[in-house]
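The file input18.txt contains compact mmCIF, N, CA and C atoms and all ligand atoms:
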# COMPACT_ATOMS: atom_id res chain seq x y z
N MET Z 502 2.04 27.51 29.33
CA MET Z 502 2.12 26.12 29.75
C MET Z 502 0.84 25.35 29.42
N ASN Z 503 -0.32 25.97 29.74
CA ASN Z 503 -1.57 25.29 29.44
C ASN Z 503 -1.77 25.06 27.94
N ILE Z 504 -1.36 26.05 27.17
CA ILE Z 504 -1.52 25.92 25.71
C ILE Z 504 -0.73 24.73 25.21
N GLY Z 505 0.51 24.60 25.70
CA GLY Z 505 1.34 23.48 25.29
C GLY Z 505 0.71 22.15 25.67
N ARG Z 506 0.11 22.10 26.86
CA ARG Z 506 -0.51 20.87 27.33
C ARG Z 506 -1.72 20.50 26.46
N LYS Z 507 -2.50 21.53 26.08
CA LYS Z 507 -3.65 21.26 25.22
C LYS Z 507 -3.21 20.67 23.88
N GLU Z 508 -2.16 21.26 23.33
CA GLU Z 508 -1.68 20.77 22.04
C GLU Z 508 -1.19 19.34 22.16
N GLU Z 509 -0.55 19.05 23.32
CA GLU Z 509 -0.07 17.70 23.54
C GLU Z 509 -1.25 16.71 23.54
N LEU Z 510 -2.35 17.08 24.20
CA LEU Z 510 -3.53 16.23 24.23
C LEU Z 510 -4.13 16.06 22.84
N ARG Z 511 -4.21 17.15 22.10
CA ARG Z 511 -4.77 17.08 20.76
C ARG Z 511 -3.93 16.16 19.87
N ASP Z 512 -2.61 16.28 20.01
CA ASP Z 512 -1.73 15.43 19.22
C ASP Z 512 -1.97 13.95 19.53
N TYR Z 513 -2.16 13.66 20.81
CA TYR Z 513 -2.40 12.28 21.20
C TYR Z 513 -3.71 11.78 20.60
N SER Z 514 -4.73 12.64 20.60
CA SER Z 514 -6.01 12.28 20.02
C SER Z 514 -5.86 11.97 18.54
N ASP Z 515 -5.12 12.82 17.83
CA ASP Z 515 -4.87 12.57 16.41
C ASP Z 515 -4.15 11.24 16.20
N PHE Z 516 -3.23 10.96 17.12
CA PHE Z 516 -2.48 9.71 17.03
C PHE Z 516 -3.42 8.50 17.15
N LYS Z 517 -4.38 8.60 18.11
CA LYS Z 517 -5.33 7.50 18.30
C LYS Z 517 -6.21 7.31 17.06
N ILE Z 518 -6.65 8.43 16.48
CA ILE Z 518 -7.46 8.33 15.26
C ILE Z 518 -6.66 7.68 14.15
N GLY Z 519 -5.37 8.08 14.06
CA GLY Z 519 -4.50 7.50 13.05
C GLY Z 519 -4.35 6.00 13.24
N LEU Z 520 -4.16 5.59 14.49
CA LEU Z 520 -4.03 4.16 14.78
C LEU Z 520 -5.27 3.40 14.36
N HIS Z 521 -6.45 3.95 14.67
CA HIS Z 521 -7.71 3.31 14.30
C HIS Z 521 -7.79 3.14 12.78
N ARG Z 522 -7.37 4.17 12.06
CA ARG Z 522 -7.42 4.09 10.61
C ARG Z 522 -6.46 3.03 10.09
N PHE Z 523 -5.29 2.91 10.74
CA PHE Z 523 -4.35 1.88 10.33
C PHE Z 523 -4.99 0.51 10.49
N GLU Z 524 -5.64 0.30 11.62
CA GLU Z 524 -6.22 -1.02 11.88
C GLU Z 524 -7.26 -1.35 10.83
N ILE Z 525 -8.09 -0.38 10.47
CA ILE Z 525 -9.10 -0.62 9.45
C ILE Z 525 -8.45 -0.97 8.12
N SER Z 526 -7.31 -0.29 7.86
CA SER Z 526 -6.72 -0.43 6.53
C SER Z 526 -5.95 -1.73 6.33
N ARG Z 527 -5.67 -2.41 7.40
CA ARG Z 527 -4.85 -3.61 7.23
C ARG Z 527 -5.74 -4.82 6.90
N LEU Z 528 -5.88 -5.08 5.62
CA LEU Z 528 -6.71 -6.17 5.15
C LEU Z 528 -5.80 -7.33 4.79
N PHE Z 529 -6.12 -8.48 5.32
CA PHE Z 529 -5.23 -9.60 5.10
C PHE Z 529 -5.94 -10.75 4.41
N LEU Z 530 -5.18 -11.53 3.71
CA LEU Z 530 -5.66 -12.80 3.19
C LEU Z 530 -4.46 -13.71 3.08
N LYS Z 531 -4.73 -14.96 2.91
CA LYS Z 531 -3.65 -15.93 2.80
C LYS Z 531 -3.17 -16.00 1.36
N SER Z 532 -1.86 -15.98 1.16
CA SER Z 532 -1.32 -16.13 -0.19
C SER Z 532 -1.39 -17.60 -0.58
N ARG Z 533 -1.14 -17.86 -1.86
CA ARG Z 533 -1.16 -19.24 -2.32
C ARG Z 533 -0.10 -20.07 -1.61
N GLU Z 534 1.00 -19.44 -1.22
CA GLU Z 534 2.08 -20.16 -0.54
C GLU Z 534 1.79 -20.32 0.95
N GLY Z 535 0.70 -19.76 1.43
CA GLY Z 535 0.35 -19.90 2.83
C GLY Z 535 0.77 -18.73 3.68
N GLY Z 536 1.50 -17.78 3.11
CA GLY Z 536 1.94 -16.61 3.87
C GLY Z 536 0.82 -15.57 3.95
N VAL Z 537 1.09 -14.54 4.71
CA VAL Z 537 0.09 -13.49 4.88
C VAL Z 537 0.36 -12.36 3.89
N VAL Z 538 -0.68 -11.95 3.20
CA VAL Z 538 -0.53 -10.82 2.30
C VAL Z 538 -1.53 -9.74 2.68
N MET Z 539 -1.13 -8.51 2.44
CA MET Z 539 -2.01 -7.37 2.66
C MET Z 539 -2.41 -6.87 1.28
N HIS Z 540 -3.64 -6.45 1.13
CA HIS Z 540 -4.04 -5.96 -0.18
C HIS Z 540 -5.01 -4.81 -0.02
N PHE Z 541 -5.04 -3.98 -1.04
CA PHE Z 541 -6.03 -2.91 -1.09
C PHE Z 541 -6.25 -2.52 -2.55
N GLU Z 542 -7.34 -1.84 -2.78
CA GLU Z 542 -7.67 -1.45 -4.14
C GLU Z 542 -7.65 0.06 -4.27
N GLU Z 543 -7.21 0.50 -5.45
CA GLU Z 543 -7.40 1.90 -5.82
C GLU Z 543 -8.56 1.90 -6.82
N ARG Z 544 -8.65 2.86 -7.68
CA ARG Z 544 -9.85 2.92 -8.53
C ARG Z 544 -9.99 1.72 -9.45
N THR Z 545 -8.90 1.35 -10.15
CA THR Z 545 -9.00 0.23 -11.09
C THR Z 545 -7.96 -0.85 -10.84
N ILE Z 546 -7.07 -0.66 -9.87
CA ILE Z 546 -6.01 -1.65 -9.65
C ILE Z 546 -6.12 -2.25 -8.26
N LYS Z 547 -5.45 -3.39 -8.11
CA LYS Z 547 -5.38 -4.05 -6.80
C LYS Z 547 -3.91 -4.22 -6.45
N VAL Z 548 -3.51 -3.74 -5.28
CA VAL Z 548 -2.13 -3.83 -4.82
C VAL Z 548 -2.06 -4.96 -3.79
N ILE Z 549 -1.18 -5.92 -4.03
CA ILE Z 549 -1.04 -7.08 -3.15
C ILE Z 549 0.38 -7.11 -2.61
N ILE Z 550 0.52 -7.14 -1.29
CA ILE Z 550 1.85 -7.12 -0.67
C ILE Z 550 2.04 -8.39 0.16
N ASP Z 551 3.04 -9.18 -0.19
CA ASP Z 551 3.38 -10.40 0.54
C ASP Z 551 4.21 -10.00 1.76
N GLU Z 552 3.56 -9.92 2.91
CA GLU Z 552 4.22 -9.40 4.11
C GLU Z 552 5.37 -10.28 4.61
N ASP Z 553 5.33 -11.56 4.25
CA ASP Z 553 6.45 -12.42 4.65
C ASP Z 553 7.76 -11.91 4.06
N LYS Z 554 7.66 -11.36 2.85
CA LYS Z 554 8.87 -10.85 2.19
C LYS Z 554 9.32 -9.52 2.78
N CYS Z 555 8.44 -8.83 3.48
CA CYS Z 555 8.79 -7.54 4.09
C CYS Z 555 9.66 -7.75 5.33
N ALA Z 556 9.54 -8.92 5.93
CA ALA Z 556 10.36 -9.19 7.12
C ALA Z 556 11.82 -9.12 6.71
N GLY Z 557 12.56 -8.28 7.35
CA GLY Z 557 13.98 -8.16 7.03
C GLY Z 557 14.28 -7.13 5.96
N CYS Z 558 13.25 -6.51 5.41
CA CYS Z 558 13.49 -5.47 4.41
C CYS Z 558 14.11 -4.26 5.11
N THR Z 559 15.17 -3.77 4.58
CA THR Z 559 15.84 -2.64 5.21
C THR Z 559 15.58 -1.32 4.49
N THR Z 560 15.05 -1.38 3.29
CA THR Z 560 14.88 -0.13 2.52
C THR Z 560 13.51 0.51 2.71
N HIS Z 561 12.47 -0.32 2.84
CA HIS Z 561 11.08 0.16 2.85
C HIS Z 561 10.88 1.13 1.68
N ALA Z 562 11.41 0.72 0.55
CA ALA Z 562 11.39 1.57 -0.64
C ALA Z 562 9.97 1.84 -1.14
N CYS Z 563 9.05 0.94 -0.84
CA CYS Z 563 7.66 1.14 -1.27
C CYS Z 563 7.08 2.41 -0.65
N VAL Z 564 7.33 2.59 0.63
CA VAL Z 564 6.79 3.74 1.35
C VAL Z 564 7.46 5.03 0.85
N ALA Z 565 8.77 4.97 0.69
CA ALA Z 565 9.49 6.15 0.19
C ALA Z 565 9.03 6.50 -1.22
N GLY Z 566 8.86 5.47 -2.06
CA GLY Z 566 8.40 5.71 -3.44
C GLY Z 566 7.00 6.28 -3.48
N CYS Z 567 6.16 5.79 -2.60
CA CYS Z 567 4.78 6.28 -2.55
C CYS Z 567 4.76 7.76 -2.15
N LYS Z 568 5.62 8.09 -1.22
CA LYS Z 568 5.67 9.48 -0.77
C LYS Z 568 6.28 10.39 -1.84
N LEU Z 569 7.27 9.86 -2.57
CA LEU Z 569 7.98 10.67 -3.56
C LEU Z 569 7.17 10.83 -4.85
N TYR Z 570 6.55 9.75 -5.32
CA TYR Z 570 5.90 9.78 -6.64
C TYR Z 570 4.38 9.85 -6.58
N ASP Z 571 3.81 9.54 -5.43
CA ASP Z 571 2.35 9.54 -5.31
C ASP Z 571 1.98 10.44 -4.15
N ARG Z 572 0.90 10.14 -3.50
CA ARG Z 572 0.43 11.00 -2.42
C ARG Z 572 0.74 10.45 -1.03
N GLY Z 573 1.59 9.44 -0.98
CA GLY Z 573 2.01 8.92 0.32
C GLY Z 573 0.92 8.14 1.04
N ILE Z 574 0.12 7.36 0.29
CA ILE Z 574 -0.94 6.60 0.95
C ILE Z 574 -0.38 5.38 1.70
N LEU Z 575 0.83 4.94 1.30
CA LEU Z 575 1.48 3.83 2.02
C LEU Z 575 2.34 4.42 3.12
N VAL Z 576 2.19 3.89 4.32
CA VAL Z 576 3.00 4.33 5.45
C VAL Z 576 3.62 3.10 6.11
N LEU Z 577 4.59 3.32 6.94
CA LEU Z 577 5.25 2.22 7.62
C LEU Z 577 4.61 1.99 8.98
N LYS Z 578 4.24 0.75 9.25
CA LYS Z 578 3.70 0.42 10.57
C LYS Z 578 4.28 -0.93 11.01
N ASP Z 579 4.88 -0.95 12.16
CA ASP Z 579 5.53 -2.16 12.68
C ASP Z 579 6.50 -2.76 11.67
N GLY Z 580 7.19 -1.89 10.96
CA GLY Z 580 8.20 -2.35 10.00
C GLY Z 580 7.65 -2.87 8.69
N LYS Z 581 6.33 -2.71 8.50
CA LYS Z 581 5.71 -3.19 7.27
C LYS Z 581 4.87 -2.09 6.65
N PRO Z 582 4.67 -2.14 5.33
CA PRO Z 582 3.82 -1.11 4.72
C PRO Z 582 2.36 -1.30 5.10
N ALA Z 583 1.68 -0.18 5.31
CA ALA Z 583 0.25 -0.21 5.62
C ALA Z 583 -0.39 1.01 4.97
N LEU Z 584 -1.69 0.93 4.78
CA LEU Z 584 -2.40 2.07 4.24
C LEU Z 584 -2.56 3.14 5.31
N GLY Z 585 -2.44 4.38 4.92
CA GLY Z 585 -2.61 5.48 5.87
C GLY Z 585 -4.05 5.87 6.05
N GLY Z 586 -4.97 5.02 5.68
CA GLY Z 586 -6.40 5.30 5.84
C GLY Z 586 -7.20 4.03 5.57
N ASP Z 587 -8.50 4.19 5.43
CA ASP Z 587 -9.32 3.00 5.19
C ASP Z 587 -9.37 2.68 3.69
N THR Z 588 -10.16 1.71 3.33
CA THR Z 588 -10.19 1.27 1.93
C THR Z 588 -10.72 2.35 1.00
N GLU Z 589 -11.67 3.15 1.47
CA GLU Z 589 -12.20 4.24 0.64
C GLU Z 589 -11.14 5.31 0.42
N TYR Z 590 -10.31 5.51 1.43
CA TYR Z 590 -9.20 6.48 1.32
C TYR Z 590 -8.28 6.08 0.15
N ALA Z 591 -7.94 4.81 0.06
CA ALA Z 591 -7.05 4.36 -1.02
C ALA Z 591 -7.69 4.59 -2.38
N LYS Z 592 -8.97 4.31 -2.49
CA LYS Z 592 -9.66 4.49 -3.78
C LYS Z 592 -9.76 5.97 -4.14
N ARG Z 593 -9.93 6.79 -3.13
CA ARG Z 593 -10.14 8.22 -3.37
C ARG Z 593 -8.82 8.96 -3.62
N VAL Z 594 -7.78 8.59 -2.88
CA VAL Z 594 -6.54 9.37 -2.91
C VAL Z 594 -5.45 8.77 -3.79
N GLY Z 595 -5.42 7.44 -3.92
CA GLY Z 595 -4.38 6.79 -4.72
C GLY Z 595 -4.46 7.19 -6.18
N THR Z 596 -3.29 7.35 -6.81
CA THR Z 596 -3.26 7.77 -8.21
C THR Z 596 -2.90 6.64 -9.16
N GLU Z 597 -2.72 5.43 -8.63
CA GLU Z 597 -2.39 4.26 -9.44
C GLU Z 597 -1.07 4.47 -10.18
N CYS Z 598 -0.10 5.06 -9.51
CA CYS Z 598 1.17 5.39 -10.16
C CYS Z 598 2.09 4.17 -10.28
N LEU Z 599 1.83 3.11 -9.53
CA LEU Z 599 2.62 1.87 -9.55
C LEU Z 599 4.03 2.02 -8.96
N ALA Z 600 4.32 3.15 -8.34
CA ALA Z 600 5.67 3.39 -7.81
C ALA Z 600 6.04 2.38 -6.73
N CYS Z 601 5.09 1.98 -5.90
CA CYS Z 601 5.42 1.04 -4.83
C CYS Z 601 5.93 -0.28 -5.40
N GLU Z 602 5.27 -0.76 -6.45
CA GLU Z 602 5.70 -2.02 -7.05
C GLU Z 602 7.09 -1.88 -7.67
N TYR Z 603 7.28 -0.82 -8.42
CA TYR Z 603 8.59 -0.58 -9.05
C TYR Z 603 9.69 -0.50 -8.00
N GLU Z 604 9.48 0.32 -6.99
CA GLU Z 604 10.51 0.52 -5.96
C GLU Z 604 10.80 -0.76 -5.21
N CYS Z 605 9.76 -1.51 -4.89
CA CYS Z 605 9.96 -2.77 -4.17
C CYS Z 605 10.74 -3.78 -5.01
N TRP Z 606 10.42 -3.85 -6.30
CA TRP Z 606 11.11 -4.82 -7.15
C TRP Z 606 12.57 -4.46 -7.36
N PHE Z 607 12.88 -3.17 -7.37
CA PHE Z 607 14.27 -2.77 -7.61
C PHE Z 607 15.06 -2.51 -6.34
N ARG Z 608 14.37 -2.13 -5.25
CA ARG Z 608 15.11 -1.77 -4.04
C ARG Z 608 14.63 -2.52 -2.80
N GLY Z 609 13.56 -3.27 -2.92
CA GLY Z 609 13.03 -4.00 -1.78
C GLY Z 609 13.19 -5.50 -1.97
N ASN Z 610 12.24 -6.27 -1.47
CA ASN Z 610 12.33 -7.74 -1.53
C ASN Z 610 11.33 -8.36 -2.50
N LYS Z 611 10.90 -7.60 -3.49
CA LYS Z 611 9.99 -8.10 -4.54
C LYS Z 611 8.71 -8.68 -3.93
N ALA Z 612 8.11 -7.89 -3.06
CA ALA Z 612 6.93 -8.36 -2.33
C ALA Z 612 5.61 -7.86 -2.93
N ILE Z 613 5.67 -6.91 -3.84
CA ILE Z 613 4.44 -6.28 -4.33
C ILE Z 613 4.08 -6.75 -5.72
N THR Z 614 2.82 -7.08 -5.87
CA THR Z 614 2.25 -7.40 -7.17
C THR Z 614 1.04 -6.50 -7.36
N ILE Z 615 0.92 -5.91 -8.53
CA ILE Z 615 -0.25 -5.08 -8.80
C ILE Z 615 -1.03 -5.68 -9.96
N GLU Z 616 -2.29 -5.91 -9.70
CA GLU Z 616 -3.19 -6.37 -10.76
C GLU Z 616 -3.83 -5.14 -11.40
N ALA Z 617 -3.61 -5.00 -12.68
CA ALA Z 617 -4.15 -3.83 -13.39
C ALA Z 617 -4.89 -4.31 -14.64
N PRO Z 618 -6.12 -4.75 -14.45
CA PRO Z 618 -6.87 -5.28 -15.58
C PRO Z 618 -7.16 -4.20 -16.62
N ILE Z 619 -7.04 -4.56 -17.88
CA ILE Z 619 -7.35 -3.62 -18.97
C ILE Z 619 -8.55 -4.18 -19.73
N PRO Z 620 -9.72 -3.59 -19.53
CA PRO Z 620 -10.93 -4.10 -20.19
C PRO Z 620 -10.74 -4.13 -21.71
N GLY Z 621 -11.09 -5.28 -22.31
CA GLY Z 621 -11.03 -5.40 -23.77
C GLY Z 621 -9.69 -5.84 -24.32
N LEU Z 622 -8.67 -5.98 -23.44
CA LEU Z 622 -7.33 -6.33 -23.93
C LEU Z 622 -7.30 -7.72 -24.56
N GLU Z 623 -7.93 -8.68 -23.90
CA GLU Z 623 -7.91 -10.06 -24.43
C GLU Z 623 -8.59 -10.12 -25.79
N GLU Z 624 -9.74 -9.45 -25.93
CA GLU Z 624 -10.44 -9.43 -27.22
C GLU Z 624 -9.56 -8.77 -28.28
N TYR Z 625 -8.90 -7.71 -27.90
CA TYR Z 625 -8.02 -6.99 -28.83
C TYR Z 625 -6.88 -7.89 -29.30
N LYS Z 626 -6.26 -8.61 -28.35
CA LYS Z 626 -5.14 -9.47 -28.70
C LYS Z 626 -5.58 -10.61 -29.60
N ARG Z 627 -6.77 -11.15 -29.30
CA ARG Z 627 -7.31 -12.23 -30.13
C ARG Z 627 -7.57 -11.72 -31.55
N LYS Z 628 -8.20 -10.55 -31.62
CA LYS Z 628 -8.55 -9.96 -32.91
C LYS Z 628 -7.32 -9.72 -33.77
N HIS Z 629 -6.21 -9.31 -33.15
CA HIS Z 629 -5.01 -8.98 -33.90
C HIS Z 629 -3.96 -10.09 -33.87
N GLY Z 630 -4.34 -11.27 -33.36
CA GLY Z 630 -3.45 -12.42 -33.37
C GLY Z 630 -2.18 -12.25 -32.56
N VAL Z 631 -2.26 -11.59 -31.43
CA VAL Z 631 -1.07 -11.39 -30.60
C VAL Z 631 -1.19 -12.11 -29.26
N LEU Z 632 -1.90 -13.21 -29.23
CA LEU Z 632 -2.04 -13.97 -27.98
C LEU Z 632 -0.82 -14.81 -27.70
S1 LIG H 701 9.98 -2.36 -0.22
FE1 LIG H 701 8.90 -4.29 -0.62
S2 LIG H 701 9.81 -5.75 0.83
FE2 LIG H 701 10.35 -3.68 1.55
S3 LIG H 701 8.73 -3.14 3.04
FE3 LIG H 701 8.09 -2.36 1.01
S4 LIG H 701 6.80 -4.01 0.15
FE4 LIG H 701 7.97 -4.90 1.83
Would you mind giving the structure from this file in structure tokens?
Ligand code: SF4
Amino acid sequence: MNIGRKEELRDYSDFKIGLHRFEISRLFLKSREGGVVMHFEERTIKVIIDEDKCAGCTTHACVAGCKLYDRGILVLKDGKPALGGDTEYAKRVGTECLACEYECWFRGNKAITIEAPIPGLEEYKRKHGVL
């Protein structure tokens, strides 16, 4: 009985740590349309999620896709996607697979935009006349 109780306490402690990490990870800014967006960065990309579009989403395909194709850094919190850790966690663990954007565009409410700058691309396009 005591062993079970100890485990119960430890689980609660882990839960509190997890909640704290969620709070740190939820970075917000105002979108151009005035809505709230959440964003985070991985090593070279920036993931931007328009949370207004998540309201009413029934698939949460971004989270499922992240778990299936990446390392599951996106988790569901209060019905919306959130990072499962702080900003350094996303940079360290994320693989930049783009699955969340793909899944959201095809199975969600088209809320995710990923900025993936390619250094030298503009110069290359200019040089080869493909602008
Ligand atoms: S799939 Fe798209 S719309 Fe649905 S919760 Fe994820 S980001 Fe939001």
- request: Let me have all residues with an atom within 7 Å of ligand LIG 701 (chain H), counting all atoms listed in the file, laid out as a PyMOL selection string.
  value: chain Z and resi 550-552+554-564+580-582+601+604-606+608-613
task: Calculate how many Å separate atom CA of Z:Asp553 from atom C of Z:Phe607, rounding to one decimal.
output: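 Value for the atom CA of Z:Asp553-atom C of Z:Phe607 distance: 17.1 Å.
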field: Nearest residue to Z:Glu543 from the set Z:Lys592, Z:Lys578, Z:Leu584, Z:Ala565 (distances using only N, CA and C atoms)
entry: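 Using only N, CA and C atoms, Z:Glu543 sits closest to Z:Lys592.
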- request: Might you pull out every residue within 7 Å of stretch 572-574 of chain Z, with only N, CA and C atoms counted and same-chain residues fewer than 6 positions away left off, and present them as a ChimeraX atom specification?
  value: /Z:564,566,583-586,591,594-596
Saved selection, atoms kept: N, CA and C atoms, as a PDB file, keeping the file's coordinate frame:
ATOM      1  N   VAL Z 564       7.330   2.590   0.630  1.00  0.00           N
ATOM      2  CA  VAL Z 564       6.790   3.740   1.350  1.00  0.00           C
ATOM      3  C   VAL Z 564       7.460   5.030   0.850  1.00  0.00           C
ATOM      4  N   GLY Z 566       8.860   5.470  -2.060  1.00  0.00           N
ATOM      5  CA  GLY Z 566       8.400   5.710  -3.440  1.00  0.00           C
ATOM      6  C   GLY Z 566       7.000   6.280  -3.480  1.00  0.00           C
ATOM      7  N   ALA Z 583       1.680  -0.180   5.310  1.00  0.00           N
ATOM      8  CA  ALA Z 583       0.250  -0.210   5.620  1.00  0.00           C
ATOM      9  C   ALA Z 583      -0.390   1.010   4.970  1.00  0.00           C
ATOM     10  N   LEU Z 584      -1.690   0.930   4.780  1.00  0.00           N
ATOM     11  CA  LEU Z 584      -2.400   2.070   4.240  1.00  0.00           C
ATOM     12  C   LEU Z 584      -2.560   3.140   5.310  1.00  0.00           C
ATOM     13  N   GLY Z 585      -2.440   4.380   4.920  1.00  0.00           N
ATOM     14  CA  GLY Z 585      -2.610   5.480   5.870  1.00  0.00           C
ATOM     15  C   GLY Z 585      -4.050   5.870   6.050  1.00  0.00           C
ATOM     16  N   GLY Z 586      -4.970   5.020   5.680  1.00  0.00           N
ATOM     17  CA  GLY Z 586      -6.400   5.300   5.840  1.00  0.00           C
ATOM     18  C   GLY Z 586      -7.200   4.030   5.570  1.00  0.00           C
ATOM     19  N   ALA Z 591      -7.940   4.810   0.060  1.00  0.00           N
ATOM     20  CA  ALA Z 591      -7.050   4.360  -1.020  1.00  0.00           C
ATOM     21  C   ALA Z 591      -7.690   4.590  -2.380  1.00  0.00           C
ATOM     22  N   VAL Z 594      -7.780   8.590  -2.880  1.00  0.00           N
ATOM     23  CA  VAL Z 594      -6.540   9.370  -2.910  1.00  0.00           C
ATOM     24  C   VAL Z 594      -5.450   8.770  -3.790  1.00  0.00           C
ATOM     25  N   GLY Z 595      -5.420   7.440  -3.920  1.00  0.00           N
ATOM     26  CA  GLY Z 595      -4.380   6.790  -4.720  1.00  0.00           C
ATOM     27  C   GLY Z 595      -4.460   7.190  -6.180  1.00  0.00           C
ATOM     28  N   THR Z 596      -3.290   7.350  -6.810  1.00  0.00           N
ATOM     29  CA  THR Z 596      -3.260   7.770  -8.210  1.00  0.00           C
ATOM     30  C   THR Z 596      -2.900   6.640  -9.160  1.00  0.00           C
TER      31      THR Z 596
END
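Interatomic distance, atom CA of Z:Gly621 to atom C of Z:Thr545: 14.0 Å.
Closest approach to Z:Asp571 among Z:Glu589, Z:Glu597, Z:Val538, Z:Glu623 is made by Z:Glu597 (distances from only C-alpha atoms).
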task: Could you check how far atom CA of Z:Gly536 sits from atom CA of Z:Lys568, in Å to one decimal?
output: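 Interatomic distance, atom CA of Z:Gly536 to atom CA of Z:Lys568: 26.8 Å.
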- request: Mind listing the strand (DSSP E or B) residues of stretch 557-591 of chain Z, per DSSP on the backbone, as a PyMOL selection string?
  value: chain Z and resi 575-578+581-584
field: Nearest candidate to Z:Cys567 (options Z:Leu599, Z:Ile615, Z:Val537, Z:Val631; using only N, CA and C atoms)
entry: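 Nearest candidate to Z:Cys567 out of Z:Leu599, Z:Ile615, Z:Val537, Z:Val631: Z:Leu599.
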query: With distances taken over only C-alpha atoms, which of Z:Arg627, Z:Glu616, Z:Leu622, Z:Tyr590 is nearest to Z:Val548?
result: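 Nearest candidate to Z:Val548 out of Z:Arg627, Z:Glu616, Z:Leu622, Z:Tyr590: Z:Glu616.
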Padding of 8 Å on every side, edges along x, y and z, all listed atoms of stretch 565-583 of chain Z included: what centre and edge lengths in Å, to one decimal, does that box have, as AutoDock Vina command-line options?
--center_x 4.3 --center_y 3.9 --center_z 3.0 --size_x 26.4 --size_y 30.2 --size_z 35.3
Using the block above, I'd like stretch 570-624 of chain Z written out, keeping C-alpha atoms and formatting it as a PDB file, in the first residue's frame.
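Generated output (selection_15.pdb):
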ATOM      1  CA  TYR Z 570       6.821  11.045 -37.904  1.00  0.00           C
ATOM      2  CA  ASP Z 571       8.952  12.993 -35.434  1.00  0.00           C
ATOM      3  CA  ARG Z 572       9.758  12.739 -31.763  1.00  0.00           C
ATOM      4  CA  GLY Z 573       6.427  13.937 -30.437  1.00  0.00           C
ATOM      5  CA  ILE Z 574       7.544  17.402 -29.328  1.00  0.00           C
ATOM      6  CA  LEU Z 575       4.020  18.737 -29.983  1.00  0.00           C
ATOM      7  CA  VAL Z 576       1.459  17.732 -27.376  1.00  0.00           C
ATOM      8  CA  LEU Z 577      -2.164  18.617 -26.825  1.00  0.00           C
ATOM      9  CA  LYS Z 578      -2.993  21.061 -24.057  1.00  0.00           C
ATOM     10  CA  ASP Z 579      -6.441  22.562 -23.506  1.00  0.00           C
ATOM     11  CA  GLY Z 580      -7.436  21.352 -26.956  1.00  0.00           C
ATOM     12  CA  LYS Z 581      -4.558  23.148 -28.653  1.00  0.00           C
ATOM     13  CA  PRO Z 582      -1.057  22.098 -29.690  1.00  0.00           C
ATOM     14  CA  ALA Z 583       1.738  23.034 -27.306  1.00  0.00           C
ATOM     15  CA  LEU Z 584       5.391  22.215 -26.966  1.00  0.00           C
ATOM     16  CA  GLY Z 585       6.198  19.383 -24.588  1.00  0.00           C
ATOM     17  CA  GLY Z 586       9.149  21.333 -23.219  1.00  0.00           C
ATOM     18  CA  ASP Z 587      10.835  24.708 -23.252  1.00  0.00           C
ATOM     19  CA  THR Z 588      12.300  26.509 -26.251  1.00  0.00           C
ATOM     20  CA  GLU Z 589      15.679  24.785 -25.901  1.00  0.00           C
ATOM     21  CA  TYR Z 590      13.893  21.426 -25.885  1.00  0.00           C
ATOM     22  CA  ALA Z 591      12.383  22.173 -29.311  1.00  0.00           C
ATOM     23  CA  LYS Z 592      15.762  23.174 -30.750  1.00  0.00           C
ATOM     24  CA  ARG Z 593      17.466  20.136 -29.274  1.00  0.00           C
ATOM     25  CA  VAL Z 594      14.863  17.437 -29.947  1.00  0.00           C
ATOM     26  CA  GLY Z 595      12.920  18.616 -33.020  1.00  0.00           C
ATOM     27  CA  THR Z 596      14.007  17.070 -36.321  1.00  0.00           C
ATOM     28  CA  GLU Z 597      12.446  19.699 -38.619  1.00  0.00           C
ATOM     29  CA  CYS Z 598      10.395  16.996 -40.333  1.00  0.00           C
ATOM     30  CA  LEU Z 599       7.550  19.432 -41.213  1.00  0.00           C
ATOM     31  CA  ALA Z 600       4.953  16.727 -40.440  1.00  0.00           C
ATOM     32  CA  CYS Z 601       2.852  19.050 -38.270  1.00  0.00           C
ATOM     33  CA  GLU Z 602       2.397  21.512 -41.120  1.00  0.00           C
ATOM     34  CA  TYR Z 603       1.587  18.789 -43.644  1.00  0.00           C
ATOM     35  CA  GLU Z 604      -0.892  17.050 -41.345  1.00  0.00           C
ATOM     36  CA  CYS Z 605      -2.602  20.285 -40.354  1.00  0.00           C
ATOM     37  CA  TRP Z 606      -2.991  21.415 -43.953  1.00  0.00           C
ATOM     38  CA  PHE Z 607      -4.468  18.103 -45.065  1.00  0.00           C
ATOM     39  CA  ARG Z 608      -6.349  16.974 -41.956  1.00  0.00           C
ATOM     40  CA  GLY Z 609      -6.621  20.015 -39.698  1.00  0.00           C
ATOM     41  CA  ASN Z 610      -7.685  23.648 -40.132  1.00  0.00           C
ATOM     42  CA  LYS Z 611      -4.615  24.947 -42.018  1.00  0.00           C
ATOM     43  CA  ALA Z 612      -3.278  26.712 -38.949  1.00  0.00           C
ATOM     44  CA  ILE Z 613       0.443  25.978 -39.262  1.00  0.00           C
ATOM     45  CA  THR Z 614       3.016  27.867 -41.245  1.00  0.00           C
ATOM     46  CA  ILE Z 615       6.676  26.937 -41.168  1.00  0.00           C
ATOM     47  CA  GLU Z 616       9.376  29.381 -42.122  1.00  0.00           C
ATOM     48  CA  ALA Z 617      12.361  27.487 -43.464  1.00  0.00           C
ATOM     49  CA  PRO Z 618      14.922  29.956 -44.744  1.00  0.00           C
ATOM     50  CA  ILE Z 619      17.513  28.575 -47.167  1.00  0.00           C
ATOM     51  CA  PRO Z 620      20.713  30.633 -47.013  1.00  0.00           C
ATOM     52  CA  GLY Z 621      21.886  31.679 -50.487  1.00  0.00           C
ATOM     53  CA  LEU Z 622      18.638  30.735 -52.269  1.00  0.00           C
ATOM     54  CA  GLU Z 623      17.815  34.271 -53.411  1.00  0.00           C
ATOM     55  CA  GLU Z 624      21.337  34.794 -54.779  1.00  0.00           C
TER      56      GLU Z 624
END
